6 protein chains.
Amino acid sequence: MRIKVINPNTTQSMTDTIGAAAREVAAPRTEIVATSPAMGPASIEDHYDEAFSAIGVIDEIRKGEAEGFDGYVIACFGDPGLLAAREIARGPVVGIAEAAMHMASLVSTGFSVVSTLARSRPILEHLVDAYGMRRACRSVRTTDIAVLDLEKPESNARSAIVAECRKAIVEDHADCVLLGCAGMADLQRAIAEELGIPVVDGVAAAVKLVEGLVTLGLRTSKASGLNYPLPKPYTGVFAPYSPADRTTLRAAE
Amino acid sequence: MRIKVINPNTTQSMTDTIGAAAREVAAPRTEIVATSPAMGPASIEDHYDEAFSAIGVIDEIRKGEAEGFDGYVIACFGDPGLLAAREIARGPVVGIAEAAMHMASLVSTGFSVVSTLARSRPILEHLVDAYGMRRACRSVRTTDIAVLDLEKPESNARSAIVAECRKAIVEDHADCVLLGCAGMADLQRAIAEELGIPVVDGVAAAVKLVEGLVTLGLRTSKASGLNYPLPKPYTGVFAPYSPADRTTLRAAE
Amino acid sequence: MRIKVINPNTTQSMTDTIGAAAREVAAPRTEIVATSPAMGPASIEDHYDEAFSAIGVIDEIRKGEAEGFDGYVIACFGDPGLLAAREIARGPVVGIAEAAMHMASLVSTGFSVVSTLARSRPILEHLVDAYGMRRACRSVRTTDIAVLDLEKPESNARSAIVAECRKAIVEDHADCVLLGCAGMADLQRAIAEELGIPVVDGVAAAVKLVEGLVTLGLRTSKASGLNYPLPKPYTGVFAPYSPADRTTLRAAE
Amino acid sequence: MRIKVINPNTTQSMTDTIGAAAREVAAPRTEIVATSPAMGPASIEDHYDEAFSAIGVIDEIRKGEAEGFDGYVIACFGDPGLLAAREIARGPVVGIAEAAMHMASLVSTGFSVVSTLARSRPILEHLVDAYGMRRACRSVRTTDIAVLDLEKPESNARSAIVAECRKAIVEDHADCVLLGCAGMADLQRAIAEELGIPVVDGVAAAVKLVEGLVTLGLRTSKASGLNYPLPKPYTGVFAPYSPADRTTLRAAE
Amino acid sequence: MRIKVINPNTTQSMTDTIGAAAREVAAPRTEIVATSPAMGPASIEDHYDEAFSAIGVIDEIRKGEAEGFDGYVIACFGDPGLLAAREIARGPVVGIAEAAMHMASLVSTGFSVVSTLARSRPILEHLVDAYGMRRACRSVRTTDIAVLDLEKPESNARSAIVAECRKAIVEDHADCVLLGCAGMADLQRAIAEELGIPVVDGVAAAVKLVEGLVTLGLRTSKASGLNYPLPKPYTGVFAPYSPADRTTLRAAE
Amino acid sequence: MRIKVINPNTTQSMTDTIGAAAREVAAPRTEIVATSPAMGPASIEDHYDEAFSAIGVIDEIRKGEAEGFDGYVIACFGDPGLLAAREIARGPVVGIAEAAMHMASLVSTGFSVVSTLARSRPILEHLVDAYGMRRACRSVRTTDIAVLDLEKPESNARSAIVAECRKAIVEDHADCVLLGCAGMADLQRAIAEELGIPVVDGVAAAVKLVEGLVTLGLRTSKASGLNYPLPKPYTGVFAPYSPADRTTLRAAE
């Protein structure tokens with residue numbers, strides 16, 4: 001099985017961290033290819049970044065389909081481009097925010113998300129609602145660390161995250177914590193050991209969900225709103241992304 | 001007051017229809033400029049189209065800010081790029097789906113949306129939820145007419161829409177109908193007369209809301225998740241969209 | 001266009017404040033008539049006050065219909081008598097609580113309401129739910145200032161309101177504030193300047209919404225639960241309010 | 001124990017029906033006094049009727065407090081004036097819509113309401129939401145019989161109601177039915193026998209709830225939004241309803 | 001009327017407390033029989049305890065049906081076995097958590113639950129949701145007192161509960177408190193006097209609800225998901241609980 | 001990795017079907033042990049059956065912990081005993097209803113559940129709510145086939161299920177179907193082929209989720225309401241299930 005793990009931002013060091021986290025949990029016969037788009041934002045911290053990164057994700061999925069991947073992970077905790085990506089993929093596409101939330105709901109009575117900048121709170125709360133997790137989610141908390149600062153030792157990311165997690169446990173009655181940024185994937189083990197409760201990294205969670213869906217033969221449904229995009233002309237710089245006529249393609253499948 | 005009405009798709013005839021609908025209700029001193037992006041899909045009917053049209057919307061808002069517009073309308077009933085657009089605009093930005101829903105909730109006990117293709121139902125239902133309209137919205141109905149066919153006489157768009165509206169009234173107890181596509185803006189008057197109930201065209205509704213917000217001095221809040229995008233490098237074809245450092249800009253304001 | 005702005009309580013100084021706030025934002029050709037009922041409570045602070053003020057509102061709407069107004073604003077943040085008023089009006093009727101909430105949801109990620117006495121919190125929370133604003137509303141906060149004390153300098157209303165707004169921003173993550181009493185209309189500008197975020201006065205917001213609805217030709221739907229009241233005898237002191245037989249009236253329209 | 005059962009409309013025959021239904025289930029030592037206001041609508045079928053009937057309800061509660069009643073039933077399925085009534089009563093006040101819904105939720109998996117005119121559906125659906133019964137309520141159905149026609153043999157009320165109940169059972173999966181009008185109280189037994197499922201009349205249900213609350217010593221909480229109305233001047237025809245200064249009254253209790 | 005009040009745990013002193021609380025409010029002609037199962041946990045503090053106590057509850061209901069009881073109370077604030085109990089009872093079965101919540105919603109604007117151990121919070125929050133009380137319930141609070149320690153003077157249960165109630169009033173704006181454990185039934189009066197707001201003991205509340213339902217002739221609906229269990233073989237230690245063939249039984253009724 | 005798949009009913013042929021479905025999707029190194037309790041109901045079709053089967057599930061988990069299993073599947077679509085099971089297990093425990101819903105939400109815009117007898121609808125709708133799937137679930141449909149009749153050729157189970165699925169697709173706009181009974185596991189492939197949309201069997205889905213959770217090191221959180229049961233005496237036939245004192249056990253781990 002081949003899974004493409006897409007880091008929607010263009011920072012290679014984060015792609016490396018994400019790839020390592022994915023490989024660590026992948027099944028022996030799963031091949032993980034971690035990539036990031038050729039264009040777009042260096043990190044994703046607001047709706048504006050998300051809009052551009054969605055095109056990067058789409059670009060990577062299009063290439064992935066040509067390369068024959070069985071499934072995809074979108075490795076940014078805002079799940080940018082998720083539904084568009086599902087439309088063009090035959091196999092399953094899973095975002096790391098939804099992956100983390102679904103997995104957390106199976107081992108806890110209520111989880112909290114601990115993320116980076118305060119401004120991303122509304123984005124994450126919107127995902128909590130959209131995924132039906134309003135009851136399962138105790139709170140969304142932020143640490144005021146910028147995404148790309150997570151890698152810098154002077155940010156003291158780990159201790160800041162742990163401190164916020166402890167508040168979630170005591171003040172919000174959470175018994176599970178979600179790391180609210182793909183750039184925190186390498187901290188999961190240390191934080192879990194320190195806290196003694198389940199700590200979910202969405203990258204790893206999404207890899208296992210995609211593997212599961214592929215094994216189950218469950219592909220994105222093409223019977224309604226996630227069907228392949230309708231063929232039509234695109235203009236300007238986006239002309240190459242014009243959706244092909246699937247009736248031709250399907251005949252060839 | 002100058003309002004830019006952005007048709008997120010690239011079809012000029014729809015931009016013309018939208019512009020006419022906007023001008024018809026605009027206040028005497030309001031200048032309406034109707035535009036469409038230089039790039040992107042000819043019509044917007046799925047998440048994939050939405051992702052690309054969002055970039056077009058952003059592009060038009062960026063230009064609009066340089067041109068000094070007071071507010072913006074996003075004239076596609078999926079409100080593509082709305083939150084990213086709000087981040088980069090000083091003034092208000094209103095989508096036509098939210099505009100139609102808010103206005104309808106003020107004159108009815110429950111509205112139905114009548115839209116184009118069946119595949120767009122989940123997109124619209126998601127908006128209904130996100131805007132808090134689950135109770136106000138009686139149903140989302142579709143006519144199976146493609147967006148660009150609305151203009152073709154042989155599509156019998158008006159009678160198909162009226163037929164679906166009547167079902168909404170009788171079967172779903174709706175007492176107000178929303179035209180679920182910007183391309184239906186020119187049909188509002190005829191359909192309203194035929195049905196005898198309020199029929200809301202989102203383009204016109206959004207123009208009045210933007211005018212109202214501007215007059216009230218209500219601009220997009222920059223105190224949380226709709227603040228200007230954080231400055232950072234963008235790569236590749238998107239490099240020109242790299243968010244500027246606002247600390248410099250603000251000093252200059 | 002003629003809009004009647006009804007202060008549902010009987011305190012003339014508040015009617016004056018409300019009228020001034022309405023006129024300040026009204027379009028050049030809009031005539032604002034601010035009135036208050038001939039009977040009822042001096043201020044509205046509980047359900048009991050609301051019940052009586054609803055009759056006053058109805059009385060003013062009935063007179064307004066005879067006088068040919070195009071639309072109405074109910075200028076008390078509990079929106080008393082709103083749905084009954086809609087039944088007897090041909091044009092739109094908008095309450096200032098709903099107006100403020102709808103407008104706020106267009107320029108923020110989450111608003112808080114800052115109102116007067118603590119006992120009104122459940123009334124406001126009920127409105128938040130009824131208008132579908134549970135997700136958009138971060139909190140309802142109160143200042144413990146009685147409605148009629150807002151006008152008294154010794155109440156320090158402005159600083160008390162600003163203090164509560166700051167708590168809403170910091171503790172509840174609100175990025176927009178609603179002034180939860182018509183009597184605060186004259187404080188909007190000062191508070192907005194002090195806070196640097198959108199501050200919504202419902203009176204002004206409602207005027208722009210009514211203007212918009214009238215321009216759009218959107219009247220209260222008569223196709224379901226907001227139809228004209230059924231004709232029937234009323235007894236006692238309310239006999240004059242007995243709903244007329246509309247079949248006769250309509251023939252005359 | 002003395003319970004005042006208030007028919008909020010002025011039709012004596014309905015008051016008689018309601019009184020009989022209340023007495024039939026009251027405990028041996030409970031005295032039931034059934035009354036209707038001296039003023040207001042002959043029947044309650046829209047928000048306009050409700051607004052006036054609320055004053056009648058308040059009037060009856062005020063008299064009831066002077067007469068020393070232990071609790072009150074508001075016997076109209078829209079529960080008009082309920083919260084204002086609670087503010088002025090020491091003992092419990094229960095509406096028949098809420099009573100029926102609470103009782104039904106204890107003996108069924110999901111109930112439907114069968115009411116009179118179609119226009120009342122939104123009113124009842126609002127109550128369903130306000131009382132937290134959205135999950136417990138399968139549907140609100142109407143028979144198109146006017147309230148005062150229920151008593152007329154030619155309306156065939158019973159068979160029309162039974163027919164609608166059967167639809168609720170088959171189409172909506174309801175296993176319990178609520179009679180959505182106080183005027184149906186005398187039909188409860190016959191309909192229950194015909195259908196073979198629990199059929200709840202709100203008048204009887206409310207009597208038992210008030211009896212229960214009084215026995216339990218549970219009075220309306222005065223610690224927040226249901227406290228006695230604040231003392232203040234009322235003007236015009238409503239001057240006599242001006243809330244008294246409770247600090248004096250309490251000293252006398 | 002004969003009501004069986006079932007303490008689902010096996011501690012006789014709690015059964016005595018519960019029986020006394022029930023008898024104190026029961027109508028003169030109501031016979032209260034308080035029992036506890038012959039098997040199961042000494043107290044109920046987690047889902048594991050609940051699973052076993054549900055069998056004890058079922059056992060007592062089965063005996064109760066043979067003994068001809070008219071209705072049942074399940075006297076543990078987690079309402080264990082409630083829906084299974086309803087399936088095998090002809091008459092009504094009411095849990096004390098649901099009873100307390102329904103009664104509280106009739107006399108307050110929002111209640112808080114004050115219970116025993118922190119680990120029971122998720123159980124209670126689930127009930128709040130399932131009963132449609134999310135809006136009516138301000139908070140679930142716990143005292144960290146084990147169920148069986150409530151009876152021990154050294155636990156200072158009353159003052160700990162009162163302290164938590166005061167926090168609910170001040171911090172959560174509750175104006176009514178529910179005692180979240182059957183073992184607190186004997187503290188109701190003292191706590192209510194101390195706090196001066198309605199304090200609801202579920203045992204007493206449930207007794208009045210069952211009395212009411214029986215008088216109203218409202219039995220558990222057998223038309224859907226609460227019908228008698230389907231006849232089928234049970235094996236092992238549960239063989240005696242194998243549901244009988246009701247077609248035979250009904251013929252005999 | 002060793003996973004115990006527990007069929008909560010006592011019918012061996014269903015256990016065989018379930019075991020086969022589990023093994024078909026399990027990873028090469030996963031050992032599947034399919035069992036059913038020594039006691040309890042032959043099939044699970046109502047709350048009464050569920051209560052007894054929960055004890056059987058608990059019994060199997062207790063044995064499983066002694067045998068060193070890494071995780072568990074509860075293979076009945078009502079997820080009986082799930083939360084109690086989680087309390088006593090170190091590793092993850094997943095029910096097949098929740099597994100199917102979570103997986104379906106990743107590949108569709110909205111799923112429907114097609115189950116057995118009509119009386120189970122409320123049970124399934126309760127799970128939909130409890131798991132946050134109200135938006136993701138389009139409908140719960142039933143076929144009126146008893147659980148144990150699924151295996152009988154004369155029940156025509158497959159064609160009845162397919163017919164109901166088609167209704168879900170056309171009438172409810174579902175684009176994914178969940179087989180609402182463990183006894184349908186062997187039909188998944190045939191039905192999926194016939195319908196051409198994703199069809200989810202919960203048994204297979206749960207196996208992949210447990211495998212994933214175990215690989216991720218995510219165990220049931222012991223920090224709140226899913227902690228090990230508190231030690232206490234159990235009496236009667238349940239005495240052997242008395243929770244042990246974990247402080248001793250943990251020292252030995």
# chains A, B, ... in the order shown; residues from 1 in each chain; ligands from 1
>>> interface_residues(of="chain E", to="chain C", cutoff="10 Å", atoms="only C-alpha atoms", output="MDAnalysis selection string")
chainID E and resid 109:110 135 173
>>> residues_around(residues="Pro28 of chain C", least_positions_apart="5", cutoff="10 Å", atoms="only C-alpha atoms", output="list in words")
Ala27 and Pro28 of chain B; Met1 and Arg23 of chain C
>>> closest_atom_pairs(of="segment 159-249 of chain C", to="segment 52-65 of chain D", cutoff="12 Å", atoms="only C-alpha atoms", output="JSON lines")
{"residue": "C:Tyr234", "atom": "CA", "partner": "D:Phe52", "partner_atom": "CA", "distance": 9.1}
{"residue": "C:Thr235", "atom": "CA", "partner": "D:Phe52", "partner_atom": "CA", "distance": 10.5}
{"residue": "C:Gly236", "atom": "CA", "partner": "D:Gly56", "partner_atom": "CA", "distance": 10.2}
{"residue": "C:Val237", "atom": "CA", "partner": "D:Phe52", "partner_atom": "CA", "distance": 10.3}
{"residue": "C:Phe238", "atom": "CA", "partner": "D:Phe52", "partner_atom": "CA", "distance": 7.5}
{"residue": "C:Ala239", "atom": "CA", "partner": "D:Phe52", "partner_atom": "CA", "distance": 10.4}
{"residue": "C:Pro240", "atom": "CA", "partner": "D:Phe52", "partner_atom": "CA", "distance": 11.6}
{"residue": "C:Tyr241", "atom": "CA", "partner": "D:Phe52", "partner_atom": "CA", "distance": 8.9}
{"residue": "C:Ser242", "atom": "CA", "partner": "D:Phe52", "partner_atom": "CA", "distance": 10.0}
{"residue": "C:Pro243", "atom": "CA", "partner": "D:Phe52", "partner_atom": "CA", "distance": 11.4}
>>> select_by_dssp(residues="segment 41-221 of chain E", states="alpha helix (DSSP H)", output="ChimeraX atom specification")
/E:47-67,82-88,96-105,121-130,157-172,188-195,202-216
>>> closest_residue(among="A:Leu150, A:Ala34, A:Leu216, A:His47", to="Ile88 of chain B", atoms="only C-alpha atoms")
A:His47
>>> atom_distance(atom1="atom CA of Leu117 of chain B", atom2="atom CA of Ala21 of chain B")
22.4 Å
>>> select_by_dssp(residues="segment 77-234 of chain B", states="strand (DSSP E or B)", output="ChimeraX atom specification")
/B:93-95,111-115,137-142,176-179,199-201,234
>>> closest_residue(among="B:Ala130, B:Val73, B:Ile145, B:Ile96", to="Ala160 of chain B", atoms="only C-alpha atoms")
B:Ile145
>>> residues_around(residues="Tyr131 of chain A", least_positions_apart="3", cutoff="9 Å", atoms="only C-alpha atoms", output="compact mmCIF listing (two decimals) with N, CA and C atoms, in the first residue's frame")
# COMPACT_ATOMS: atom_id res chain seq x y z
N GLU A 98 -9.25 15.86 11.71
CA GLU A 98 -10.35 14.90 11.87
C GLU A 98 -9.84 13.56 12.38
N MET A 101 -9.29 13.81 16.11
CA MET A 101 -10.54 13.88 16.87
C MET A 101 -11.27 12.54 16.90
N HIS A 102 -11.35 11.87 15.76
CA HIS A 102 -12.04 10.58 15.74
C HIS A 102 -11.33 9.58 16.65
N HIS A 126 -14.34 25.75 14.42
CA HIS A 126 -15.21 25.45 13.29
C HIS A 126 -15.07 23.97 12.89
N LEU A 127 -13.84 23.45 12.91
CA LEU A 127 -13.66 22.04 12.58
C LEU A 127 -14.34 21.15 13.61
N VAL A 128 -14.21 21.51 14.87
CA VAL A 128 -14.86 20.73 15.94
C VAL A 128 -16.36 20.61 15.65
N ARG A 134 -18.52 18.63 19.00
CA ARG A 134 -18.76 19.66 20.01
C ARG A 134 -18.88 19.06 21.41
N SER F 105 -17.87 8.53 8.03
CA SER F 105 -17.79 10.00 7.95
C SER F 105 -16.54 10.46 7.21
N GLY F 132 -22.03 12.11 18.17
CA GLY F 132 -21.85 13.37 17.44
C GLY F 132 -22.12 13.23 15.95
N MET F 133 -22.92 12.26 15.54
CA MET F 133 -23.11 11.96 14.12
C MET F 133 -24.46 12.45 13.58
N ARG F 135 -25.31 15.14 12.22
CA ARG F 135 -25.20 15.78 10.91
C ARG F 135 -24.74 14.78 9.85
N ALA F 136 -23.85 13.87 10.23
CA ALA F 136 -23.30 12.91 9.26
C ALA F 136 -24.32 11.84 8.91
>>> atom_distance(atom1="atom CA of Ser115 of chain A", atom2="atom CA of Cys181 of chain A")
6.0 Å
>>> decode(residues="segment 139-157 of chain C", atoms="N, CA and C atoms", output="compact mmCIF listing (two decimals), in the first residue's frame")
# COMPACT_ATOMS: atom_id res chain seq x y z
N SER C 139 -20.54 35.07 24.80
CA SER C 139 -21.05 35.18 26.17
C SER C 139 -22.05 36.32 26.26
N VAL C 140 -22.89 36.24 27.27
CA VAL C 140 -23.77 37.35 27.64
C VAL C 140 -23.27 37.86 28.98
N ARG C 141 -22.92 39.12 29.02
CA ARG C 141 -22.37 39.70 30.25
C ARG C 141 -23.24 40.87 30.70
N THR C 142 -23.24 41.12 31.98
CA THR C 142 -24.07 42.20 32.51
C THR C 142 -23.25 43.10 33.42
N THR C 143 -23.76 44.33 33.58
CA THR C 143 -23.00 45.35 34.31
C THR C 143 -23.63 45.75 35.64
N ASP C 144 -24.82 45.25 35.87
CA ASP C 144 -25.54 45.59 37.11
C ASP C 144 -25.95 47.06 37.17
N ILE C 145 -26.14 47.66 36.02
CA ILE C 145 -26.68 49.02 35.95
C ILE C 145 -28.12 48.92 35.48
N ALA C 146 -29.05 49.55 36.20
CA ALA C 146 -30.44 49.55 35.77
C ALA C 146 -30.58 50.39 34.51
N VAL C 147 -31.60 50.05 33.69
CA VAL C 147 -31.74 50.70 32.38
C VAL C 147 -31.78 52.22 32.51
N LEU C 148 -32.61 52.71 33.43
CA LEU C 148 -32.78 54.17 33.50
C LEU C 148 -31.60 54.86 34.18
N ASP C 149 -30.72 54.08 34.80
CA ASP C 149 -29.51 54.66 35.38
C ASP C 149 -28.43 54.89 34.34
N LEU C 150 -28.59 54.29 33.17
CA LEU C 150 -27.58 54.48 32.11
C LEU C 150 -27.37 55.95 31.82
N GLU C 151 -28.45 56.72 31.92
CA GLU C 151 -28.39 58.15 31.58
C GLU C 151 -27.75 58.99 32.68
N LYS C 152 -27.70 58.42 33.88
CA LYS C 152 -27.19 59.20 35.01
C LYS C 152 -25.67 59.14 35.04
N PRO C 153 -25.03 60.32 35.08
CA PRO C 153 -23.56 60.35 35.08
C PRO C 153 -22.97 59.51 36.22
N GLU C 154 -23.63 59.52 37.37
CA GLU C 154 -23.04 58.83 38.52
C GLU C 154 -23.01 57.31 38.35
N SER C 155 -23.71 56.79 37.33
CA SER C 155 -23.66 55.33 37.11
C SER C 155 -22.35 54.91 36.46
N ASN C 156 -21.60 55.88 35.95
CA ASN C 156 -20.36 55.56 35.24
C ASN C 156 -20.57 54.46 34.22
N ALA C 157 -21.68 54.55 33.51
CA ALA C 157 -22.08 53.48 32.60
C ALA C 157 -20.97 53.15 31.61
